[in-house]
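First comes the structure, then the notes that go with it.
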Amino acid sequence: MENISLGKSKIKVSRIGIGTWQASFREWGSDVNDDSIIQAVNRSFDLGVNFIDTAEIYGNGHSEIVVGKAIKNIDREKLVVATKVHGAHLRHDELIKSAELSMKRLGVKYIDLYQVHWPDPWEQISLRETMKAMEELYLDGKIMAIGVSNFAVRDLEESLNYLSRASIVSNQVRYNMLQREIEEEVMPFCKKNGITIIAWSPLAQGALTAKYNVKNLPNDRIRSGNELFKKNNIRQMANLLKTLEKIAKSRGKTLSQIALNWLLSHDQVVPIPGAKTPQQAEANAGAAGWRLTPEELSAIEEELEKIDIDYM
Ligand SMILES: NC(=O)c1ccc[n+]([C@@H]2O[C@H](COP(=O)([O-])OP(=O)(O)OC[C@H]3O[C@@H](n4cnc5c(N)ncnc54)[C@H](OP(=O)(O)O)[C@@H]3O)[C@@H](O)[C@H]2O)c1
């Protein structure tokens with residue numbers, strides 16, 4: 001497995017991580033259970049994936065509990081455990097308490113990467129207060145690195161100003177070949193400042209796996225509300241998926257591996273695909289260790305240019 005440093009820190013993460021929001025069954029559907037998620041995490045680890053992402057909000061703490069069970073017998077030093085504080089717990093005392101509770105659920109004495117899930121949408125809590133609490137956790141050795149999520153450039157700039165003895169190593173944002181809004185401002189800023197991009201929804205929540213079509217759409221809570229699965233958007237993807245399929249066939253890869261590998265063609269990007277089963281985890285881990293050729297990337301780009309996702 002390829003590895004990459006998290007920001008300017010000494011922490012090395014596998015080039016592909018694993019996301020565990022899927023342990024929130026109420027949102028992702030009942031075709032998964034604790035065991036399949038545990039097996040997915042363990043299979044990933046066996047294949048060199050050391051980077052596991054969760055959050056206190058996923059299943060109201062259930063995802064952290066499941067991750068805790070999955071990593072119980074793994075050497076702690078070999079893991080990079082990332083979790084997130086809910087955007088409503090960003091006051092100093094609440095944030096410290098959230099971190100303590102996450103550690104308890106995960107069964108760990110420290111969190112490798114603690115991330116602010118999103119900035120306070122009502123702007124009632126100052127980023128200064130939040131970042132000072134994050135820095136305190138860092139200086140106390142309770143977290144090994146500070147990360148953020150869904151931060152725009154202005155949030156990043158402001159937050160960096162409040163940190164004097166630590167820095168921000170990563171920004172976890174939506175990024176997949178169909179949803180590339182971060183390329184305009186966030187990505188260049190992160191590159192310039194040595195901040196790793198952790199890509200959420202790297203498979204466009206499964207839209208890039210070609211499992212779905214207008215007659216077979218996912219009906220779980222999460223994807224029922226995702227515009228990508230609207231019929232006109234799914235229809236638009238048909239030619240792109242054909243191209244991805246062709247490349248996948250000629251390279252002996254799966255479609256999901258092509259979609260994830262496309263993200264690896266961008267430096268500083270670490271995708272964290274969510275896996276429901278060990279089979280999915282295995283396929284996702286196989287997306288690292290090779291690269292799409294410039295010709296393959298151009299063929300994909302040509303198809304992407306024809307797609308205009310409708311968000312209305
Ligand atoms: N920071 C944030 O605000 C934020 C937001 C969203 C997600 N995240 C994190 O990012 C992770 C990933 O994002 P995501 O869950 O939204 O979307 P994703 O990784 O793009 O898609 C995950 C879904 O794709 C399908 N899948 C996964 N691997 C597959 C494979 N090899 N072959 C075929 N299908 C496969 C599975 O669903 P089916 O099998 O049912 O199709 C799975 O539930 C989450 O688990 C979470 O940790 C963070």
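A note on labels: chains of the structure tokens are A, B, ... as shown, every chain counts residues from 1, and ligands are counted from 1 in their shown order.
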Next item on the list: Identify all residues of segment 113-179 of chain A in strand (DSSP E or B) (DSSP on the backbone) and supply them as a count of residues only.
Entry: 20
Next item on the list: Write out as a PyMOL selection string each polymer residue (protein, DNA or RNA) that has an atom no more than 8 Å from ligand 1, with only C-alpha atoms and all ligand atoms counted.
Entry: chain A and resi 18-22+28-29+31+52-55+84+117-118+149-150+172-174+176+199-207+209+211-212+218+254-257+271-276+279-284
Next item on the list: Would you list the contacts of Val49 of chain A as a PyMOL selection string, taking every protein, DNA or RNA residue within 6 Å and counting only C-alpha atoms, but skipping same-chain residues closer than 5 positions in sequence?
Entry: chain A and resi 14+17+44
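When the distance limit is 8 Å and only C-alpha atoms are what count, the residues near Arg105 of chain A, minus those fewer than 5 positions from it on the same chain, are Gly61, Glu64, Ile65 and Gly68 of chain A.
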Checklist line | Surrounding residues of segment 230-243 of chain A excluding itself and chain neighbours under 4 positions, 6 Å, only C-alpha atoms, as a list in words | finding: Val214, Glu303 and Ile309 of chain A
Checklist line | alpha helix (DSSP H) positions in segment 19-253 of chain A, given as a PyMOL selection string | finding: chain A and resi 25-28+34-46+62-71+92-106+127-139+153-162+186-192+221-224+231-236+238-251
Limited to C-alpha atoms, could you put the picked residues into a file as a short mmCIF file (atom, residue, chain, number, x, y, z; two decimals), in the first residue's frame?
data_model
loop_
_atom_site.label_atom_id
_atom_site.label_comp_id
_atom_site.auth_asym_id
_atom_site.auth_seq_id
_atom_site.Cartn_x
_atom_site.Cartn_y
_atom_site.Cartn_z
CA PHE A 25 -27.80 1.83 9.48
CA ARG A 26 -30.81 4.11 9.85
CA GLU A 27 -29.30 6.32 7.18
CA TRP A 28 -27.52 3.83 4.94
CA ASP A 34 -21.93 -4.39 12.76
CA ASP A 35 -20.16 -7.57 11.69
CA SER A 36 -19.92 -6.64 8.03
CA ILE A 37 -18.47 -3.23 8.91
CA ILE A 38 -16.01 -4.82 11.36
CA GLN A 39 -14.96 -7.29 8.67
CA ALA A 40 -14.60 -4.46 6.15
CA VAL A 41 -12.31 -2.52 8.51
CA ASN A 42 -10.26 -5.61 9.29
CA ARG A 43 -9.94 -6.63 5.63
CA SER A 44 -8.80 -3.10 4.81
CA PHE A 45 -6.17 -3.23 7.53
CA ASP A 46 -4.90 -6.60 6.28
CA HIS A 62 -22.56 3.78 16.95
CA SER A 63 -19.96 4.00 14.18
CA GLU A 64 -17.25 4.81 16.75
CA ILE A 65 -18.32 1.84 18.85
CA VAL A 66 -18.15 -0.46 15.81
CA VAL A 67 -14.74 0.92 14.83
CA GLY A 68 -13.62 0.38 18.43
CA LYS A 69 -14.62 -3.30 18.16
CA ALA A 70 -12.87 -3.64 14.80
CA ILE A 71 -9.54 -2.23 16.01
CA HIS A 92 -14.53 24.84 24.35
CA ASP A 93 -15.99 22.62 27.08
CA GLU A 94 -18.34 20.74 24.76
CA LEU A 95 -15.54 20.03 22.31
CA ILE A 96 -13.25 18.65 25.03
CA LYS A 97 -16.12 16.49 26.29
CA SER A 98 -16.88 15.25 22.77
CA ALA A 99 -13.26 14.18 22.30
CA GLU A 100 -13.31 12.29 25.64
CA LEU A 101 -16.55 10.52 24.73
CA SER A 102 -15.23 9.60 21.27
CA MET A 103 -12.11 8.09 22.83
CA LYS A 104 -14.26 6.09 25.21
CA ARG A 105 -16.48 4.74 22.40
CA LEU A 106 -13.44 3.96 20.25
CA LEU A 127 -13.46 29.73 15.35
CA ARG A 128 -11.00 31.16 17.87
CA GLU A 129 -12.73 29.30 20.73
CA THR A 130 -12.94 26.07 18.71
CA MET A 131 -9.34 26.15 17.53
CA LYS A 132 -8.04 26.97 21.02
CA ALA A 133 -9.86 23.88 22.34
CA MET A 134 -8.41 21.78 19.50
CA GLU A 135 -4.92 23.09 20.29
CA GLU A 136 -5.40 22.29 23.97
CA LEU A 137 -6.27 18.67 23.12
CA TYR A 138 -3.19 18.52 20.91
CA LEU A 139 -0.87 19.94 23.58
CA VAL A 153 -10.78 29.05 2.31
CA ARG A 154 -11.92 31.86 4.61
CA ASP A 155 -12.55 29.37 7.46
CA LEU A 156 -9.13 27.83 6.91
CA GLU A 157 -7.39 31.19 6.86
CA GLU A 158 -9.10 32.33 10.01
CA SER A 159 -8.48 29.04 11.84
CA LEU A 160 -4.79 28.98 10.94
CA ASN A 161 -4.44 32.42 12.54
CA TYR A 162 -5.65 31.09 15.90
CA VAL A 186 -10.05 25.02 -1.62
CA MET A 187 -7.67 22.65 -3.35
CA PRO A 188 -5.12 25.29 -4.46
CA PHE A 189 -5.17 26.82 -0.96
CA CYS A 190 -4.63 23.43 0.68
CA LYS A 191 -1.83 22.54 -1.71
CA LYS A 192 -0.09 25.85 -1.05
CA ARG A 221 -32.25 7.76 3.40
CA ILE A 222 -28.89 9.20 2.42
CA ARG A 223 -29.06 8.57 -1.29
CA SER A 224 -32.77 9.34 -1.64
CA LYS A 231 -33.02 10.20 -12.96
CA ASN A 232 -31.81 12.93 -15.30
CA ASN A 233 -28.41 12.95 -13.60
CA ILE A 234 -28.11 9.17 -13.68
CA ARG A 235 -28.97 9.27 -17.40
CA GLN A 236 -26.23 11.83 -18.01
CA ALA A 238 -24.23 6.64 -18.95
CA ASN A 239 -21.43 7.48 -21.40
CA LEU A 240 -18.96 8.26 -18.64
CA LEU A 241 -19.66 4.89 -17.04
CA LYS A 242 -19.14 3.17 -20.39
CA THR A 243 -15.73 4.84 -20.69
CA LEU A 244 -14.83 3.89 -17.12
CA GLU A 245 -15.95 0.33 -17.82
CA LYS A 246 -13.78 0.15 -20.92
CA ILE A 247 -10.72 1.37 -19.02
CA ALA A 248 -11.50 -0.95 -16.11
CA LYS A 249 -11.67 -3.93 -18.46
CA SER A 250 -8.43 -3.13 -20.24
CA ARG A 251 -6.60 -2.61 -16.92
#
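Picture a line from atom CA of Arg165 of chain A to atom CA of Ala82 of chain A; it runs 20.4 Å.
Reported to one decimal place, the separation of atom CA of Asn3 of chain A from atom CA of Leu79 of chain A is 12.5 Å.
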Please report, as a tab-separated table, each residue of segment 120-192 of chain A lying at most 6 Å from segment 111-116 of chain A, together with the nearest pair of atoms and the separation in Å rounded to one decimal; use only C-alpha atoms, and order rows by chain and ascending residue number.
residue	atom	partner	partner_atom	distance
A:Ile143	CA	A:Ile111	CA	4.6
A:Met144	CA	A:Asp112	CA	4.6
A:Ala145	CA	A:Leu113	CA	4.9
A:Ile146	CA	A:Tyr114	CA	5.4
A:Gly147	CA	A:Gln115	CA	4.2
A:Val148	CA	A:Gln115	CA	4.6
A:Ser149	CA	A:Val116	CA	5.8
For the residues in that selection, give me C-alpha atoms as a PDB file, in the first residue's frame.
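That gives us selection_29.pdb:
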ATOM      1  CA  ILE A 143      -5.054  14.118  19.777  1.00  0.00           C
ATOM      2  CA  MET A 144      -2.040  13.744  17.520  1.00  0.00           C
ATOM      3  CA  ALA A 145      -3.158  16.150  14.783  1.00  0.00           C
ATOM      4  CA  ILE A 146      -5.803  18.765  14.077  1.00  0.00           C
ATOM      5  CA  GLY A 147      -8.018  18.450  11.027  1.00  0.00           C
ATOM      6  CA  VAL A 148     -11.084  20.220   9.716  1.00  0.00           C
ATOM      7  CA  SER A 149     -13.885  19.247   7.384  1.00  0.00           C
TER       8      SER A 149
END
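What separates atom CA of Glu77 of chain A from atom CA of Asp267 of chain A is a distance of 25.5 Å.
Shortest atom-to-atom contact with Gly87 of chain A among A:Gly252, A:Gly7, A:Pro121, A:Gly289: A:Pro121, counting only C-alpha atoms.
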Margin query: I want to know what sits within 6 Å of Ile197 of chain A, based on only C-alpha atoms, with residues of the same chain fewer than 3 positions away left out; could you give that as a count of residues only?
Written below: 5
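With distances restricted to only C-alpha atoms, A:Asn33 is the closest residue to Thr277 of chain A from A:Asn60, A:Ser167, A:Asn33, A:Asn219.
Among the candidate residues A:Ala152, A:Ile307, A:Arg15, A:Gln124, the one lying nearest to Leu263 of chain A is A:Arg15, with distances computed using only C-alpha atoms.
Distances to Val80 of chain A were evaluated for A:Leu292, A:Ile195, A:Leu260, A:Ile11 using only C-alpha atoms, and the minimum falls at A:Ile11.
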